[in-house]
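Here's the structure, in structure tokens; my notes come after.
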Amino acid sequence: MKQVRRLLRRTVMRSISDGLHDLIMLNYVRLTNGKLPHWPNLSNPTRLSDKMLALKRFHRHPLAVQLADKLLVRDIVAQRLGPEYAMPLLQVADSPEAIDRESLPERFVVKPNHGSGMVMRASRDSIDWVEASRTFQTWLDTDYAGYSREYQYATPRRVLLVQPDLKAMHGEDLPEPKVLCFNGEPRYLFMRQVEPNGERRRNVYDAEGRLQPFSEGAPHAEKPEPAPERLKAFFAVARAMAADLPFARVDLYDTPGQILLGEVTFHHNGGFLNVIPDRADAFLGSQLVLPPLQRQGRRAK
């Protein structure tokens, strides 16, 4: 599904209006998940999915670019939490050729500082550098802010980040908590759980660790695991990073002894939600108070 969405965005979707783009992408997500089409109400939104699109089109936060940039956000992490919460960083490269291959560990990860979903886990001894360099350059050439129509990715400098492979270090089942924050306050925790057949599920917990009767993107596991022991610590980290933001998803890595910030996302799934069940969309929307929106013109700048 992601590959189809990317193809659409890079071709015909680039030339259409913001409203039509959002309408098509939202209903693509809905239809491919067995739901009826929905016409977003952005003039008086009540559903979380509609409020997400309203924020995406008509709201601009002064720190958005710095928070969304995986390199620049490190300064904010250090200020609000401490440098130990920032992701370990091996190299910063302006081009694929600038990566120092000789100093790489056996297992590493490469990703750009802008955008989402662009990441490569690699082995120093088996990586195809010719093919990998093509991929890295494609990432650097991608205007993700224009591609996804998410203003926060318009960083002034696109670079490649080389990081240790945390899953190679701590196991493939390394917990990756995702905290949803409404008006600066953590409300819900997303935790992935893999079923015995390999199917990925998503459990949602509130601040008290109670399993919620809804999910997003994937249903609950058949036998949901208890909320993680460090739930309150996850919420504390998310609260510090989501301060003053109307909505944010704060992605974390729960490594032994240290919580690490992965990224701060302003519009979950690009703003195109698949709330399960669909009626929970309005319940979640009632918990988000929108700030004043700049509705003049086509889109807030």
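Naming scheme: A, B, ... for chains in displayed order of the structure tokens; residues 1 onward per chain; ligands 1 onward as shown.
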Proximity of region 184-265 of chain A to region 90-113 of chain A: per-residue shortest pair, 12 Å limit, only C-alpha atoms, as JSON lines:
```
{"residue": "A:Gly262", "atom": "CA", "partner": "A:Asn113", "partner_atom": "CA", "distance": 11.4}
{"residue": "A:Glu263", "atom": "CA", "partner": "A:Asn113", "partner_atom": "CA", "distance": 10.0}
{"residue": "A:Val264", "atom": "CA", "partner": "A:Asn113", "partner_atom": "CA", "distance": 12.0}
```
Take the selection from the previous step and output its residues with N, CA and C atoms, as an mmCIF file, in the first residue's frame.
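Written output follows (result.cif):
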```
data_model
loop_
_atom_site.group_PDB
_atom_site.id
_atom_site.type_symbol
_atom_site.label_atom_id
_atom_site.label_comp_id
_atom_site.auth_asym_id
_atom_site.auth_seq_id
_atom_site.Cartn_x
_atom_site.Cartn_y
_atom_site.Cartn_z
ATOM 1 N N GLY A 262 13.000 8.765 19.076
ATOM 2 C CA GLY A 262 13.123 8.450 17.662
ATOM 3 C C GLY A 262 12.788 9.652 16.801
ATOM 4 N N GLU A 263 11.562 10.166 16.948
ATOM 5 C CA GLU A 263 11.153 11.347 16.194
ATOM 6 C C GLU A 263 9.873 11.915 16.776
ATOM 7 N N VAL A 264 9.579 13.148 16.372
ATOM 8 C CA VAL A 264 8.320 13.808 16.711
ATOM 9 C C VAL A 264 7.541 13.974 15.415
#
```
Which residues of region 164-234 of chain A come within 10 Å of region 270-279 of chain A, and what is each one's closest atom pair and distance in Å (one decimal), counting only C-alpha atoms, sorted by chain and residue number, as JSON lines?
```
{"residue": "A:Pro213", "atom": "CA", "partner": "A:Pro277", "partner_atom": "CA", "distance": 8.5}
{"residue": "A:Phe214", "atom": "CA", "partner": "A:Ile276", "partner_atom": "CA", "distance": 5.5}
{"residue": "A:Ser215", "atom": "CA", "partner": "A:Ile276", "partner_atom": "CA", "distance": 5.0}
{"residue": "A:Glu216", "atom": "CA", "partner": "A:Val275", "partner_atom": "CA", "distance": 4.4}
{"residue": "A:Gly217", "atom": "CA", "partner": "A:Asn274", "partner_atom": "CA", "distance": 5.2}
{"residue": "A:Ala218", "atom": "CA", "partner": "A:Ile276", "partner_atom": "CA", "distance": 7.5}
{"residue": "A:Pro219", "atom": "CA", "partner": "A:Ile276", "partner_atom": "CA", "distance": 6.7}
{"residue": "A:His220", "atom": "CA", "partner": "A:Ile276", "partner_atom": "CA", "distance": 9.3}
```
Can you list every residue of region 77-191 of chain A that has an atom at most 12 Å from region 15-33 of chain A, with its nearest atom pair and the distance in Å to one decimal, using only C-alpha atoms, ordered by chain then number, as CSV?
```
residue,atom,partner,partner_atom,distance
A:Gly146,CA,A:Asp18,CA,10.4
A:Tyr147,CA,A:His21,CA,10.7
A:Ser148,CA,A:His21,CA,9.5
A:Arg149,CA,A:Asp18,CA,7.7
A:Glu150,CA,A:Asp18,CA,10.7
```
Can you list, as number ranges by chain, every protein, DNA or RNA residue that comes within 12 Å of Ala242 (chain A) when you count only C-alpha atoms, leaving out same-chain residues fewer than 2 positions away? A: 61, 63-64, 67-68, 76-77, 80-81, 179-187, 235-240, 244-251, 261, 263-266
So how many Å separate CA of Leu189 (chain A) and CA of Val119 (chain A), to one decimal? 23.2 Å
CA of His59 (chain A) to CA of Tyr153 (chain A), straight-line distance in Å: 14.1 Å
In Å, with one decimal, what is the gap from CA of Asp165 (chain A) to CA of Arg74 (chain A)?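 Calculated distance between CA of Asp165 (chain A) and CA of Arg74 (chain A) is 18.1 Å.
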Taking 3 positions as the minimum chain separation for residues in the same chain, which residues sit within 10 Å of His170 (chain A) when counting only C-alpha atoms? Answer as a compact mmCIF listing (two decimals) with N, CA and C atoms, in the first residue's frame.
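To be explicit, this is the file written out as out_3.txt:
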```txt
# COMPACT_ATOMS: atom_id res chain seq x y z
N ASP A 165 22.67 0.28 14.70
CA ASP A 165 21.45 -0.51 14.53
C ASP A 165 21.01 -1.00 15.91
N LEU A 166 20.04 -0.32 16.49
CA LEU A 166 19.60 -0.64 17.85
C LEU A 166 19.03 -2.05 17.94
N LYS A 167 18.35 -2.50 16.90
CA LYS A 167 17.76 -3.84 16.94
C LYS A 167 18.84 -4.91 16.86
N ASP A 173 13.01 -7.56 18.72
CA ASP A 173 11.76 -7.21 19.39
C ASP A 173 11.93 -5.99 20.31
N LEU A 174 12.93 -5.16 20.03
CA LEU A 174 13.13 -3.93 20.81
C LEU A 174 11.83 -3.12 20.84
N PRO A 175 11.31 -2.80 22.03
CA PRO A 175 10.06 -2.03 22.10
C PRO A 175 10.20 -0.64 21.48
N ASP A 254 12.78 1.90 23.56
CA ASP A 254 12.96 1.52 24.95
C ASP A 254 14.15 0.58 25.07
N THR A 255 15.35 1.15 25.02
CA THR A 255 16.56 0.34 25.15
C THR A 255 16.84 0.08 26.63
N PRO A 256 17.56 -0.98 26.95
CA PRO A 256 17.86 -1.28 28.36
C PRO A 256 18.56 -0.11 29.05
```
